[in-house]
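Comments concern the structure below.
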Amino acid sequence: MNRISPRNIRKAKKSFQALPLLTLPSTVDEEKDFATKLRHACHTTGFFYIENHNISRETYQNALNSSKKFFDLPIDEKMAIDYRKSPAFRGYMNLGCENTAGKTDQRDQIEFGIEGSVVKNESQNTTLNQKNEVWKRLIGPNQWPNDSVPSLKPHLTKYMMEMEVLSRRLMELIALSLDLPRNYFDDTFRDSPNVQFKICHYPSLQKKDDKGDQFGVGCHTDSGYLSLLLQDDVGGLQVQNGDGDWTDAPPLDGTIVVNLGEMIQLVTSGYYLATPHRVKNVYISNGNSNTRGRYSMPYFWNPRLDYIVSKIDPLPNSLNWERPKPMSLDRTDSHGKAGNILFSCYGENAFKSLARSHPDVMKRHHMDLLL
Ligand SMILES: O=C(O)CCC(=O)C(=O)O
Ligand SMILES: [Fe+2]
């Protein structure tokens with residue numbers, strides 16, 4: 001099979017200057033018109049804002065406020081839920097723990113997923129060692145700071161429940177936008193989809209004139225289907241267009257930023273785009289650089305871990321290409337690394353993506369995979 005380089009796949013993407021704002025339909029009558037707009041946004045930018053999303057202000061403000069309380073705690077209290085204790089990469093990640101394409105990210109964060117129990121190897125009662133079931137290692141419990149910030153668990157659990165409803169609705173609308181039956185993606189997300197949910201804190205730059213090139217997270221594409229981002233009013237998120245230029249995705253009150261991941265790019269044979277993005281740290285004048293900064297809540301809506309990715313084949317003829325078709329999509333730019341191979345099993349991609357960014361967890365819990 002012919003391969004084109006990730007650089008050329010990027011070139012094949014159409015340029016954009018600003019990101020669209022879409023109003024989710026309230027009635028079935030509004031869906032057709034919405035689906036056309038959604039198709040255009042997913043095909044040309046892969047990144048857009050939504051309003052009328054039904055996530056209540058109370059729900060997301062509570063989630064954000066409780067999260068800020070956590071980040072304001074002394075470091076030893078935050079480290080009580082250190083993510084390195086978790087084979088499933090869950091918990092608090094201090095500054096310096098994460099990298100994108102080998103460069104340290106300037107953010108700290110708490111990682112959550114679906115509540116589960118560590119999967120054991122039945123015969124030996126030890127942690128799994130079959131390399132081909134590597135995705136089972138992502139199943140496990142969350143770490144909650146129940147003693148230090150008791151409100152965090154109920155507030156984030158409520159937020160995640162509302163985001164699940166929104167994600168399922170968006171997948172239904174995405175199916176319609178591709179001229180597919182509205183339940184087309186139901187099987188992909190049945191039982192327990194691999195939700196990843198994070199609260200990120202991007203510390204302020206130290207000085208006003210510190211323009212620099214300090215990134216909270218470097219240029220990357222997300223690995224799943226949908227990423228739904230709630231950001232505070234600080235800003236710093238940037239999106240790369242088809243010419244390689246960067247467009248700001250500033251905060252718009254009451255909206256959620258949606259972007260598409262590598263899996264949906266793959267299943268649509270590149271008709272929909274997984275768009276590269278990054279976050280720049282900014283200077284906040286009233287901030288103490290240790291505790292204040294930008295806060296964001298990215299929610300990643302991913303397939304169930306054992307889902308074998310299968311392309312929509314053929315893509316409906318009604319989908320017009322407004323840019324050249326990519327010749328191959330079995331490799332993409334992922335987490336800033338060119339030539340990232342995509343496995344057919346979604347869970348393997350998910351594990352690999354975390355493994356790359358978090359070598360400490362690999363050394364502590366998954367040494368057998370490194371040998
Ligand atoms: O915090 C943000 O604005 C974006 C975060 C992001 O892109 C990610 O964690 O994948
Ligand atoms: Fe991202």
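In the structure tokens, the first chain shown is A, the next is B, and so on; residue numbers restart at 1 for each chain, and ligands run from 1 in the order shown.
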Discussion item. For the alpha helix (DSSP H) assignment from backbone DSSP, which residues of segment 20-203 of chain A qualify? Please present them as a PyMOL selection string.
Written reply: chain A and resi 31-44+57-71+75-78+152-177
Worksheet item: If you run DSSP on this backbone, which residues of segment 35-240 of chain A come out as strand (DSSP E), and could you give them as an NGL selection string?
Response: :A and (47-51 or 91-93 or 99-100 or 103-104 or 108-113 or 120-121 or 126-127 or 196-203 or 215-220 or 226-231 or 237-240)
Discussion item. 7 Å from ligand 2 is the threshold here; counting only C-alpha atoms and all ligand atoms, which polymer residues fall inside it? Answer as a PyMOL selection string.
Written reply: chain A and resi 220-222+277-278
Limited to N, CA and C atoms, could you put the picked residues into a file as a PDB file, in the first residue's frame?
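Wrote again-v8.pdb, looks like this:
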ATOM      1  N   HIS A 220      -0.195  18.009  19.325  1.00  0.00           N
ATOM      2  CA  HIS A 220      -0.584  16.598  19.293  1.00  0.00           C
ATOM      3  C   HIS A 220      -1.970  16.462  18.670  1.00  0.00           C
ATOM      4  N   THR A 221      -2.325  15.249  18.305  1.00  0.00           N
ATOM      5  CA  THR A 221      -3.719  14.960  17.967  1.00  0.00           C
ATOM      6  C   THR A 221      -4.248  14.016  19.044  1.00  0.00           C
ATOM      7  N   ASP A 222      -5.551  14.040  19.293  1.00  0.00           N
ATOM      8  CA  ASP A 222      -6.129  13.152  20.311  1.00  0.00           C
ATOM      9  C   ASP A 222      -6.375  11.778  19.687  1.00  0.00           C
ATOM     10  N   HIS A 277      -3.344  20.250  17.821  1.00  0.00           N
ATOM     11  CA  HIS A 277      -3.567  21.414  18.680  1.00  0.00           C
ATOM     12  C   HIS A 277      -2.542  21.416  19.804  1.00  0.00           C
ATOM     13  N   ARG A 278      -2.483  22.524  20.534  1.00  0.00           N
ATOM     14  CA  ARG A 278      -1.535  22.670  21.646  1.00  0.00           C
ATOM     15  C   ARG A 278      -2.061  23.738  22.591  1.00  0.00           C
TER      16      ARG A 278
END
Item to complete: Please give me, as a PyMOL selection string, the residues lying within 7 Å of ligand 1 when counting only C-alpha atoms and all ligand atoms.
Response: chain A and resi 200+217+222+229+231+237+277-279+296-298
Worksheet item: Out of A:Asn54, A:Asn241, A:Gln196, A:Thr247, which residue has the shortest atom-to-atom distance to Leu138 of chain A when counting only C-alpha atoms?
Response: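 Nearest candidate to Leu138 of chain A out of A:Asn54, A:Asn241, A:Gln196, A:Thr247: A:Gln196.
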Discussion item. Taking only C-alpha atoms into account, name the residue in A:Tyr283, A:Phe112, A:Tyr60, A:Trp301 that is nearest to Phe89 of chain A.
Written reply: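 Of the candidates, the smallest distance to Phe89 of chain A is held by A:Phe112.
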Worksheet item: Any idea what's packed within 12 Å of Pro314 of chain A, counting only C-alpha atoms, ignoring anything in its chain fewer than 5 positions away? Could you give it as a VMD selection string?
Response: chain A and resid 178 to 180 267 to 269 271 319
Worksheet item: Which residue, A:Val134, A:Ile50, A:Asn302, A:Leu24, has the smallest gap to Val257 of chain A when you use only C-alpha atoms?
Response: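 Using only C-alpha atoms, the shortest distance to Val257 of chain A belongs to A:Ile50.
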Worksheet item: Which residue gives the smallest distance to Ile114 of chain A among A:Pro251, A:Pro145, A:Pro193, A:Pro20, with only C-alpha atoms counted?
Response: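 For Ile114 of chain A, the nearest of the given residues is A:Pro193.
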Residue neighbourhood Pro25 of chain A, 12 Å, only C-alpha atoms, exclusion window fewer than 2 positions, as an mmCIF file with all heavy atoms, in the first residue's frame:
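Result saved to out-v1.cif:
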data_model
loop_
_atom_site.group_PDB
_atom_site.id
_atom_site.type_symbol
_atom_site.label_atom_id
_atom_site.label_comp_id
_atom_site.auth_asym_id
_atom_site.auth_seq_id
_atom_site.Cartn_x
_atom_site.Cartn_y
_atom_site.Cartn_z
ATOM 1 N N LEU A 22 -21.373 26.018 16.519
ATOM 2 C CA LEU A 22 -22.588 25.309 16.103
ATOM 3 C C LEU A 22 -23.576 25.245 17.266
ATOM 4 O O LEU A 22 -23.187 24.982 18.408
ATOM 5 C CB LEU A 22 -22.257 23.879 15.663
ATOM 6 C CG LEU A 22 -21.204 23.693 14.557
ATOM 7 C CD1 LEU A 22 -21.023 22.216 14.245
ATOM 8 C CD2 LEU A 22 -21.625 24.439 13.292
ATOM 9 N N THR A 23 -24.851 25.469 16.937
ATOM 10 C CA THR A 23 -25.902 25.388 17.960
ATOM 11 C C THR A 23 -26.574 24.024 17.841
ATOM 12 O O THR A 23 -27.160 23.712 16.796
ATOM 13 C CB THR A 23 -26.949 26.506 17.727
ATOM 14 O OG1 THR A 23 -26.237 27.743 17.630
ATOM 15 C CG2 THR A 23 -27.943 26.571 18.870
ATOM 16 N N THR A 27 -34.802 20.195 18.279
ATOM 17 C CA THR A 27 -35.897 19.347 17.792
ATOM 18 C C THR A 27 -35.395 18.504 16.614
ATOM 19 O O THR A 27 -34.372 18.822 15.990
ATOM 20 C CB THR A 27 -37.055 20.221 17.249
ATOM 21 O OG1 THR A 27 -36.541 20.988 16.140
ATOM 22 C CG2 THR A 27 -37.607 21.162 18.295
ATOM 23 N N VAL A 28 -36.150 17.445 16.306
ATOM 24 C CA VAL A 28 -35.790 16.567 15.178
ATOM 25 C C VAL A 28 -35.806 17.371 13.869
ATOM 26 O O VAL A 28 -34.959 17.163 12.995
ATOM 27 C CB VAL A 28 -36.764 15.364 15.106
ATOM 28 C CG1 VAL A 28 -36.492 14.497 13.883
ATOM 29 C CG2 VAL A 28 -36.668 14.526 16.371
ATOM 30 N N ASP A 29 -36.729 18.346 13.783
ATOM 31 C CA ASP A 29 -36.807 19.161 12.562
ATOM 32 C C ASP A 29 -35.515 19.929 12.296
ATOM 33 O O ASP A 29 -35.177 20.205 11.152
ATOM 34 C CB ASP A 29 -37.953 20.190 12.678
ATOM 35 C CG ASP A 29 -39.290 19.513 12.505
ATOM 36 O OD1 ASP A 29 -39.296 18.321 12.135
ATOM 37 O OD2 ASP A 29 -40.319 20.171 12.762
ATOM 38 N N GLU A 30 -34.825 20.290 13.362
ATOM 39 C CA GLU A 30 -33.600 21.097 13.189
ATOM 40 C C GLU A 30 -32.379 20.233 12.847
ATOM 41 O O GLU A 30 -31.312 20.748 12.529
ATOM 42 C CB GLU A 30 -33.295 21.869 14.483
ATOM 43 C CG GLU A 30 -34.256 23.006 14.777
ATOM 44 C CD GLU A 30 -34.055 23.578 16.194
ATOM 45 O OE1 GLU A 30 -33.036 23.274 16.847
ATOM 46 O OE2 GLU A 30 -34.949 24.304 16.639
ATOM 47 N N GLU A 31 -32.549 18.925 12.942
ATOM 48 C CA GLU A 31 -31.375 18.057 12.827
ATOM 49 C C GLU A 31 -30.732 18.063 11.434
ATOM 50 O O GLU A 31 -29.529 18.000 11.291
ATOM 51 C CB GLU A 31 -31.743 16.614 13.197
ATOM 52 C CG GLU A 31 -31.826 16.407 14.695
ATOM 53 C CD GLU A 31 -32.154 14.972 15.053
ATOM 54 O OE1 GLU A 31 -32.550 14.196 14.156
ATOM 55 O OE2 GLU A 31 -32.036 14.641 16.246
ATOM 56 N N LYS A 32 -31.569 18.135 10.385
ATOM 57 C CA LYS A 32 -31.041 18.004 9.030
ATOM 58 C C LYS A 32 -30.100 19.168 8.714
ATOM 59 O O LYS A 32 -28.965 18.972 8.241
ATOM 60 C CB LYS A 32 -32.206 17.966 8.031
ATOM 61 C CG LYS A 32 -31.835 17.386 6.697
ATOM 62 C CD LYS A 32 -33.092 17.003 5.919
ATOM 63 C CE LYS A 32 -32.784 16.258 4.651
ATOM 64 N NZ LYS A 32 -32.043 16.914 3.667
ATOM 65 N N ASP A 33 -30.570 20.337 9.022
ATOM 66 C CA ASP A 33 -29.776 21.532 8.761
ATOM 67 C C ASP A 33 -28.488 21.490 9.597
ATOM 68 O O ASP A 33 -27.387 21.803 9.130
ATOM 69 C CB ASP A 33 -30.639 22.754 9.125
ATOM 70 C CG ASP A 33 -29.924 24.034 8.810
ATOM 71 O OD1 ASP A 33 -29.326 24.103 7.727
ATOM 72 O OD2 ASP A 33 -29.948 24.959 9.663
ATOM 73 N N PHE A 34 -28.654 21.071 10.853
ATOM 74 C CA PHE A 34 -27.484 20.980 11.733
ATOM 75 C C PHE A 34 -26.467 19.979 11.178
ATOM 76 O O PHE A 34 -25.253 20.231 11.177
ATOM 77 C CB PHE A 34 -27.908 20.563 13.146
ATOM 78 C CG PHE A 34 -26.732 20.390 14.063
ATOM 79 C CD1 PHE A 34 -26.153 21.488 14.682
ATOM 80 C CD2 PHE A 34 -26.166 19.132 14.271
ATOM 81 C CE1 PHE A 34 -25.044 21.344 15.492
ATOM 82 C CE2 PHE A 34 -25.049 18.982 15.085
ATOM 83 C CZ PHE A 34 -24.500 20.092 15.698
ATOM 84 N N ALA A 35 -26.963 18.836 10.703
ATOM 85 C CA ALA A 35 -26.056 17.778 10.219
ATOM 86 C C ALA A 35 -25.197 18.291 9.056
ATOM 87 O O ALA A 35 -24.015 17.938 8.937
ATOM 88 C CB ALA A 35 -26.867 16.552 9.800
ATOM 89 N N THR A 36 -25.764 19.144 8.213
ATOM 90 C CA THR A 36 -24.996 19.705 7.093
ATOM 91 C C THR A 36 -23.863 20.592 7.616
ATOM 92 O O THR A 36 -22.723 20.513 7.162
ATOM 93 C CB THR A 36 -25.931 20.550 6.188
ATOM 94 O OG1 THR A 36 -27.050 19.753 5.878
ATOM 95 C CG2 THR A 36 -25.245 20.996 4.925
ATOM 96 N N LYS A 37 -24.197 21.417 8.609
ATOM 97 C CA LYS A 37 -23.167 22.307 9.185
ATOM 98 C C LYS A 37 -22.092 21.485 9.905
ATOM 99 O O LYS A 37 -20.903 21.785 9.830
ATOM 100 C CB LYS A 37 -23.803 23.284 10.178
ATOM 101 C CG LYS A 37 -24.698 24.303 9.503
ATOM 102 C CD LYS A 37 -25.174 25.322 10.525
ATOM 103 C CE LYS A 37 -26.129 26.308 9.873
ATOM 104 N NZ LYS A 37 -27.358 26.505 10.630
ATOM 105 N N LEU A 38 -22.552 20.455 10.584
ATOM 106 C CA LEU A 38 -21.609 19.607 11.326
ATOM 107 C C LEU A 38 -20.662 18.903 10.359
ATOM 108 O O LEU A 38 -19.448 18.813 10.589
ATOM 109 C CB LEU A 38 -22.396 18.582 12.154
ATOM 110 C CG LEU A 38 -21.587 17.634 13.020
ATOM 111 C CD1 LEU A 38 -20.787 18.389 14.077
ATOM 112 C CD2 LEU A 38 -22.503 16.609 13.716
ATOM 113 N N ILE A 50 -19.511 24.295 20.468
ATOM 114 C CA ILE A 50 -20.958 24.024 20.469
ATOM 115 C C ILE A 50 -21.639 24.797 21.605
ATOM 116 O O ILE A 50 -21.046 25.025 22.667
ATOM 117 C CB ILE A 50 -21.296 22.515 20.599
ATOM 118 C CG1 ILE A 50 -20.641 21.893 21.835
ATOM 119 C CG2 ILE A 50 -20.935 21.747 19.337
ATOM 120 C CD1 ILE A 50 -21.192 20.510 22.163
ATOM 121 N N GLU A 51 -22.881 25.184 21.326
ATOM 122 C CA GLU A 51 -23.743 25.751 22.378
ATOM 123 C C GLU A 51 -25.057 24.979 22.356
ATOM 124 O O GLU A 51 -25.262 24.133 21.492
ATOM 125 C CB GLU A 51 -23.952 27.252 22.174
ATOM 126 C CG GLU A 51 -24.554 27.610 20.840
ATOM 127 C CD GLU A 51 -24.730 29.102 20.636
ATOM 128 O OE1 GLU A 51 -24.377 29.904 21.509
ATOM 129 O OE2 GLU A 51 -25.261 29.462 19.564
ATOM 130 N N ASN A 52 -25.927 25.267 23.312
ATOM 131 C CA ASN A 52 -27.164 24.490 23.485
ATOM 132 C C ASN A 52 -26.845 23.006 23.754
ATOM 133 O O ASN A 52 -27.489 22.109 23.242
ATOM 134 C CB ASN A 52 -28.056 24.627 22.238
ATOM 135 C CG ASN A 52 -29.491 24.201 22.505
ATOM 136 O OD1 ASN A 52 -29.974 24.306 23.628
ATOM 137 N ND2 ASN A 52 -30.162 23.684 21.491
ATOM 138 N N HIS A 53 -25.830 22.799 24.597
ATOM 139 C CA HIS A 53 -25.331 21.428 24.831
ATOM 140 C C HIS A 53 -25.977 20.753 26.030
ATOM 141 O O HIS A 53 -25.711 19.573 26.288
ATOM 142 C CB HIS A 53 -23.805 21.450 25.002
ATOM 143 C CG HIS A 53 -23.331 22.572 25.879
ATOM 144 N ND1 HIS A 53 -23.684 22.688 27.197
ATOM 145 C CD2 HIS A 53 -22.554 23.643 25.604
ATOM 146 C CE1 HIS A 53 -23.115 23.775 27.713
ATOM 147 N NE2 HIS A 53 -22.431 24.393 26.764
ATOM 148 N N ASN A 54 -26.765 21.508 26.808
ATOM 149 C CA ASN A 54 -27.466 20.943 27.968
ATOM 150 C C ASN A 54 -26.580 20.580 29.152
ATOM 151 O O ASN A 54 -27.029 19.861 30.041
ATOM 152 C CB ASN A 54 -28.283 19.701 27.579
ATOM 153 C CG ASN A 54 -29.627 20.089 27.015
ATOM 154 O OD1 ASN A 54 -30.099 21.193 27.266
ATOM 155 N ND2 ASN A 54 -30.216 19.196 26.240
ATOM 156 N N ARG A 169 -25.260 11.812 22.210
ATOM 157 C CA ARG A 169 -26.060 12.653 21.312
ATOM 158 C C ARG A 169 -25.194 13.135 20.127
ATOM 159 O O ARG A 169 -25.621 13.099 18.978
ATOM 160 C CB ARG A 169 -26.593 13.843 22.125
ATOM 161 C CG ARG A 169 -27.270 14.922 21.309
ATOM 162 C CD ARG A 169 -28.654 14.499 20.876
ATOM 163 N NE ARG A 169 -29.373 15.573 20.214
ATOM 164 C CZ ARG A 169 -30.099 15.395 19.113
ATOM 165 N NH1 ARG A 169 -30.197 14.211 18.560
ATOM 166 N NH2 ARG A 169 -30.744 16.393 18.581
ATOM 167 N N LEU A 170 -23.969 13.545 20.450
ATOM 168 C CA LEU A 170 -23.098 14.033 19.367
ATOM 169 C C LEU A 170 -22.766 12.912 18.376
ATOM 170 O O LEU A 170 -22.707 13.137 17.163
ATOM 171 C CB LEU A 170 -21.798 14.607 19.945
ATOM 172 C CG LEU A 170 -21.891 16.052 20.442
ATOM 173 C CD1 LEU A 170 -20.621 16.433 21.211
ATOM 174 C CD2 LEU A 170 -22.090 17.025 19.274
ATOM 175 N N GLU A 172 -24.639 10.450 17.595
ATOM 176 C CA GLU A 172 -25.843 10.256 16.791
ATOM 177 C C GLU A 172 -25.884 11.316 15.673
ATOM 178 O O GLU A 172 -26.140 11.014 14.500
ATOM 179 C CB GLU A 172 -27.034 10.434 17.739
ATOM 180 C CG GLU A 172 -28.363 10.020 17.243
ATOM 181 C CD GLU A 172 -29.406 10.222 18.353
ATOM 182 O OE1 GLU A 172 -29.803 11.374 18.626
ATOM 183 O OE2 GLU A 172 -29.819 9.217 18.955
ATOM 184 N N LEU A 173 -25.576 12.556 16.044
ATOM 185 C CA LEU A 173 -25.589 13.637 15.046
ATOM 186 C C LEU A 173 -24.453 13.469 14.036
ATOM 187 O O LEU A 173 -24.603 13.780 12.852
ATOM 188 C CB LEU A 173 -25.499 14.998 15.757
ATOM 189 C CG LEU A 173 -26.740 15.344 16.594
ATOM 190 C CD1 LEU A 173 -26.455 16.490 17.571
ATOM 191 C CD2 LEU A 173 -27.918 15.702 15.676
#
Item to complete: Considering only C-alpha atoms, state which residue in the set A:Gln106, A:Tyr225, A:Tyr272, A:Arg39 is at the smallest distance from Asp213 of chain A.
Response: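 For Asp213 of chain A, the nearest of the given residues is A:Gln106.
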Worksheet item: Interatomic distance between atom CA of Met327 of chain A and atom CA of Ser344 of chain A?
Response: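 Atom CA of Ser344 of chain A lies 17.9 Å from atom CA of Met327 of chain A.
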Discussion item. One decimal, in Å: what's the spacing between atom CA of Met93 of chain A and atom CA of Leu354 of chain A?
Written reply: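 For atom CA of Met93 of chain A relative to atom CA of Leu354 of chain A, the distance reads 12.6 Å.
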Response to the item:
Correct to one decimal, the distance atom CA of Ile81 of chain A-atom CA of Asp105 of chain A is 19.7 Å
Worksheet entry | Counting only C-alpha atoms, the residue of A:Asn259, A:Asn194, A:Ser204, A:Ser66 that sits nearest Trp135 of chain A | A:Asn194
